[in-house]
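Peer 1: This is query.cif, which holds mmCIF, C-alpha atoms:
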```cif
data_coords
#
loop_
_atom_site.label_atom_id
_atom_site.label_comp_id
_atom_site.auth_asym_id
_atom_site.auth_seq_id
_atom_site.Cartn_x
_atom_site.Cartn_y
_atom_site.Cartn_z
CA MET A 1 -51.39 -42.37 22.65
CA LEU A 2 -53.64 -40.06 20.63
CA ASN A 3 -52.30 -37.08 22.59
CA LYS A 4 -48.71 -38.05 21.78
CA HIS A 5 -49.55 -38.41 18.05
CA HIS A 6 -51.15 -34.94 18.03
CA ASP A 7 -48.10 -33.43 19.81
CA ALA A 8 -45.73 -35.00 17.27
CA GLN A 9 -47.63 -33.44 14.34
CA THR A 10 -47.58 -30.04 16.06
CA HIS A 11 -43.83 -30.34 16.63
CA ARG A 12 -43.27 -31.31 12.97
CA ARG A 13 -45.32 -28.32 11.73
CA ALA A 14 -43.51 -25.97 14.08
CA GLY A 15 -40.15 -27.36 12.93
CA ARG A 16 -41.08 -26.88 9.25
CA ALA A 17 -42.25 -23.32 9.91
CA LEU A 18 -39.05 -22.56 11.80
CA ALA A 19 -36.95 -24.01 8.97
CA LEU A 20 -38.88 -21.91 6.42
CA VAL A 21 -38.38 -18.72 8.45
CA ALA A 22 -34.66 -19.49 8.92
CA GLY A 23 -34.29 -20.08 5.17
CA LEU A 24 -35.99 -16.80 4.32
CA LEU A 25 -33.82 -14.93 6.81
CA ALA A 26 -30.69 -16.52 5.33
CA LEU A 27 -31.70 -15.43 1.82
CA GLY A 28 -32.41 -11.89 3.01
CA SER A 29 -29.16 -11.53 4.93
CA GLY A 30 -27.15 -12.96 2.02
CA HIS A 31 -28.55 -10.24 -0.23
CA ALA A 32 -27.73 -7.57 2.37
CA LEU A 33 -24.12 -8.77 2.66
CA GLN A 34 -23.37 -8.48 -1.04
CA VAL A 35 -20.43 -6.18 -1.77
CA GLY A 36 -20.67 -3.77 -4.69
CA PRO A 37 -23.60 -3.09 -6.99
CA SER A 38 -26.20 -5.86 -6.99
CA ASP A 39 -27.53 -4.69 -10.33
CA PRO A 40 -25.14 -4.16 -13.28
CA GLY A 41 -26.91 -0.87 -14.04
CA GLU A 42 -26.12 0.56 -10.60
CA ASN A 43 -23.31 3.07 -10.27
CA PRO A 44 -19.96 1.83 -9.00
CA ALA A 45 -18.35 2.97 -5.76
CA THR A 46 -15.55 5.00 -7.39
CA VAL A 47 -15.65 8.53 -8.73
CA MET A 48 -13.82 10.63 -11.33
CA LEU A 49 -13.56 14.25 -10.25
CA TYR A 50 -12.89 16.97 -12.83
CA ILE A 51 -11.66 20.23 -11.27
CA ASP A 52 -11.24 23.65 -12.88
CA VAL A 53 -9.64 26.43 -10.83
CA ASP A 54 -9.56 30.01 -12.10
CA ARG A 55 -8.57 33.41 -10.74
CA ASP A 56 -10.59 36.34 -12.04
CA GLY A 57 -11.77 34.14 -14.94
CA GLN A 58 -8.29 32.96 -16.02
CA ARG A 59 -7.68 29.22 -15.68
CA LEU A 60 -4.97 28.29 -13.18
CA THR A 61 -5.18 24.50 -13.16
CA SER A 62 -7.46 21.66 -14.27
CA PRO A 63 -6.56 18.48 -12.37
CA ARG A 64 -8.51 15.23 -12.44
CA LEU A 65 -8.79 12.92 -9.46
CA PHE A 66 -9.96 9.30 -9.34
CA GLY A 67 -10.75 7.44 -6.15
CA PRO A 68 -13.28 5.67 -3.93
CA MET A 69 -16.58 7.30 -3.06
CA GLY A 70 -16.56 8.57 0.49
CA GLN A 71 -12.78 8.96 0.67
CA ALA A 72 -11.08 12.36 0.60
CA MET A 73 -9.06 13.16 -2.53
CA THR A 74 -6.54 16.01 -2.46
CA VAL A 75 -4.74 18.17 -5.01
CA ARG A 76 -2.16 20.94 -4.43
CA TRP A 77 -1.00 23.67 -6.79
CA GLN A 78 0.88 26.98 -6.94
CA PRO A 79 -0.50 29.61 -9.32
CA GLU A 80 2.95 31.22 -9.82
CA PRO A 81 5.50 28.49 -8.99
CA GLY A 82 8.88 29.84 -7.93
CA GLY A 83 7.74 33.45 -7.90
CA ALA A 84 8.20 35.76 -4.93
CA ALA A 85 4.50 35.44 -4.15
CA ALA A 86 4.35 31.65 -4.65
CA VAL A 87 1.44 30.49 -2.53
CA THR A 88 0.46 26.87 -2.13
CA TRP A 89 -3.23 25.99 -2.44
CA GLU A 90 -4.80 22.68 -1.46
CA LEU A 91 -8.25 21.37 -2.33
CA GLU A 92 -9.63 18.29 -0.60
CA VAL A 93 -12.92 16.84 -1.86
CA THR A 94 -14.99 13.97 -0.51
CA THR A 95 -17.76 12.74 -2.81
CA THR A 96 -20.74 10.77 -1.51
CA ALA A 97 -24.10 9.74 -2.96
CA HIS A 98 -26.95 12.06 -2.05
CA GLU A 99 -30.30 11.25 -3.68
CA ARG A 100 -30.91 9.31 -6.89
CA SER A 101 -28.34 10.66 -9.38
CA GLN A 102 -27.19 13.50 -7.13
CA LEU A 103 -23.81 13.69 -5.45
CA ARG A 104 -22.65 15.57 -2.35
CA LEU A 105 -19.24 17.20 -2.74
CA GLN A 106 -17.70 18.25 0.56
CA ALA A 107 -14.76 20.52 -0.24
CA ARG A 108 -12.05 22.06 1.90
CA LEU A 109 -9.92 24.79 0.32
CA SER A 110 -6.73 25.79 2.17
CA THR A 111 -3.77 28.04 1.40
CA GLY A 112 -0.51 29.30 2.90
CA THR A 113 2.38 27.81 4.82
CA PRO A 114 1.27 26.19 7.04
CA LEU A 115 -2.03 25.52 5.27
CA GLN A 116 -5.01 27.39 6.67
CA ARG A 117 -8.60 26.67 5.72
CA VAL A 118 -10.19 29.35 3.54
CA ALA A 119 -13.52 27.71 2.69
CA SER A 120 -15.44 24.51 3.44
CA PRO A 121 -18.47 24.40 1.13
CA THR A 122 -20.79 21.43 0.70
CA LEU A 123 -22.18 21.28 -2.83
CA ILE A 124 -25.01 19.05 -4.04
CA THR A 125 -25.22 18.55 -7.78
CA ALA A 126 -26.45 16.13 -10.40
CA GLU A 127 -23.89 13.56 -11.48
CA GLY A 128 -21.86 14.94 -14.41
CA GLN A 129 -22.98 18.52 -13.83
CA ALA A 130 -20.53 21.18 -12.65
CA ALA A 131 -20.91 22.75 -9.21
CA ARG A 132 -18.97 25.94 -8.44
CA PHE A 133 -17.89 27.97 -5.45
CA GLU A 134 -15.89 31.20 -5.26
CA VAL A 135 -13.61 32.74 -2.65
CA ARG A 136 -12.65 36.43 -2.56
CA SER A 137 -9.23 37.64 -1.49
CA ALA A 138 -8.99 39.53 1.81
CA ASP A 139 -8.93 42.86 -0.07
CA GLY A 140 -11.89 41.76 -2.22
CA LEU A 141 -10.02 42.46 -5.48
CA GLN A 142 -9.47 38.87 -6.64
CA VAL A 143 -11.85 35.94 -6.96
CA LEU A 144 -10.69 32.34 -6.93
CA GLY A 145 -13.31 30.09 -8.55
CA VAL A 146 -13.44 26.30 -8.21
CA SER A 147 -15.69 24.18 -10.45
CA LEU A 148 -16.18 20.50 -9.59
CA THR A 149 -17.76 17.85 -11.82
CA ALA A 150 -18.09 14.31 -10.47
CA ARG A 151 -18.98 11.11 -12.33
CA ARG A 152 -19.26 7.64 -10.85
CA THR A 153 -17.17 5.21 -12.86
CA SER A 154 -15.43 1.87 -12.51
CA ALA A 155 -12.11 2.96 -14.05
CA PRO A 156 -10.27 6.23 -14.74
CA PRO A 157 -10.31 7.44 -18.37
CA ARG A 158 -7.21 6.68 -20.40
#
```
Represent the structure of the file as structure tokens.
Peer 2:
Amino acid sequence: MLNKHHDAQTHRRAGRALALVAGLLALGSGHALQVGPSDPGENPATVMLYIDVDRDGQRLTSPRLFGPMGQAMTVRWQPEPGGAAAVTWELEVTTTAHERSQLRLQARLSTGTPLQRVASPTLITAEGQAARFEVRSADGLQVLGVSLTARRTSAPPR
């Protein structure tokens, strides 16, 4: 009878310990499953992308794009619309978090009909700070410059 009493206490202690461990695991997994920022001061999962495109220092276009982090955003333009040398350009940018307040901007610049890739730079920059890449024409006489500034935000500016 004493042996059975001792076994019952051991089973109760083991059951309590198991319940405690299960509770702690449930708390930990609940925190891991949270969607979105867990702290109001954390940056949201959307980004505003400010783009400036110039040719030989003269601004061609300055679009703004707003979308989810990690998803490609695309803009197209023609420097001389309707002209004999009207060439379509396309810029696709995917923004992801890098380290602390840094962002990784993976760009793909294409031109022509059909579109052909001209450059695929990956730029790492501080949030809100411009990153720039340049592409020279085949003859080396013209330079197309692309500046990208990304800011994490919860809504596009009005």
Peer 1: Quick one: everything within 9 Å of Leu144 (chain A), counting all atoms listed in the file, minus sequence neighbours fewer than 5 positions away in the same chain. Send it as a PyMOL selection string.
Peer 2: chain A and resi 53-57+133-137
Peer 1: Since I can't run it myself right now, could you work out what the PyMOL selection byres ((chain A and resi 106) around 6) selects here and report it as a list in words?
Peer 2: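 Checking the PyMOL selection byres ((chain A and resi 106) around 6) against this file, the residues are Val93, Thr94, Leu105, Ala107 and Thr122 of chain A.
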Peer 1: Which residue is closest to Pro114 (chain A)? Choose from A:Gln129, A:Ser101, A:Thr88, A:Thr153 and count only C-alpha atoms.
Peer 2: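 Of all the options, A:Thr88 lies closest to Pro114 (chain A).
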Peer 1: Residue by residue, what does the PyMOL selection byres ((chain A and resi 89) around 7) grab here? Present the result as a PyMOL selection string.
Peer 2: chain A and resi 76-78+87-88+90-91+110-112
Peer 1: Going by the chain IDs and residue numbers used in this file, which residues fall under the PyMOL selection byres ((chain A and resi 149) around 10)? Write them as a list of chain:residue names.
Peer 2: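 When the PyMOL selection byres ((chain A and resi 149) around 10) is applied to the shown file, the picked residues are A:Met48, A:Leu49, A:Tyr50, A:Ile51, A:Asp52, A:Arg64, A:Leu103, A:Leu105, A:Thr125, A:Ala126, A:Glu127, A:Gly128, A:Gln129, A:Ala130, A:Ala131, A:Arg132, A:Ser147, A:Leu148, A:Ala150, A:Arg151.
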Peer 1: Restricting the calculation to only C-alpha atoms, which member of A:Arg158, A:Arg152, A:Arg117, A:Arg108 is positioned closest to Met73 (chain A)?
Peer 2: A:Arg108
Peer 1: For CA of Ser154 (chain A) and CA of Pro63 (chain A), quote the distance in Å rounded to one decimal.
Peer 2: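 Calculated distance between CA of Ser154 (chain A) and CA of Pro63 (chain A) is 18.8 Å.
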Peer 1: Quote the spacing between CA of Gly145 (chain A) and CA of His98 (chain A) in Å to one decimal place.
Peer 2: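 Distance reported for this atom pair: 23.5 Å.
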Peer 1: Do you have the CA of Ala155 (chain A)-CA of Arg59 (chain A) distance handy?
Peer 2: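 These atoms are spaced 26.7 Å apart.
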Peer 1: Calculated over all atoms listed in the file, which of the candidates A:Gln58, A:Thr96, A:Val47, A:Ala86 has the smallest distance to Gly70 (chain A)?
Peer 2: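 Smallest separation from Gly70 (chain A) among the options: A:Thr96.
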Peer 1: Measuring atom to atom with only C-alpha atoms, identify which of A:Val118, A:Ile124, A:Leu109, A:Ala72 is nearest to Ala138 (chain A).
Peer 2: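 Closest to Ala138 (chain A), using only C-alpha atoms: A:Val118.
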Peer 1: Measuring atom to atom with only C-alpha atoms, identify which of A:Thr113, A:Gln142, A:Thr95, A:Gln102 is nearest to Thr74 (chain A).
Peer 2: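 Looking at the shortest contact to Thr74 (chain A), the residue is A:Thr95.
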Peer 1: Given the choices A:Met69, A:Val143, A:Ala119, A:Val75, which gets closest to Arg104 (chain A) if the distance is worked out from only C-alpha atoms?
Peer 2: A:Met69
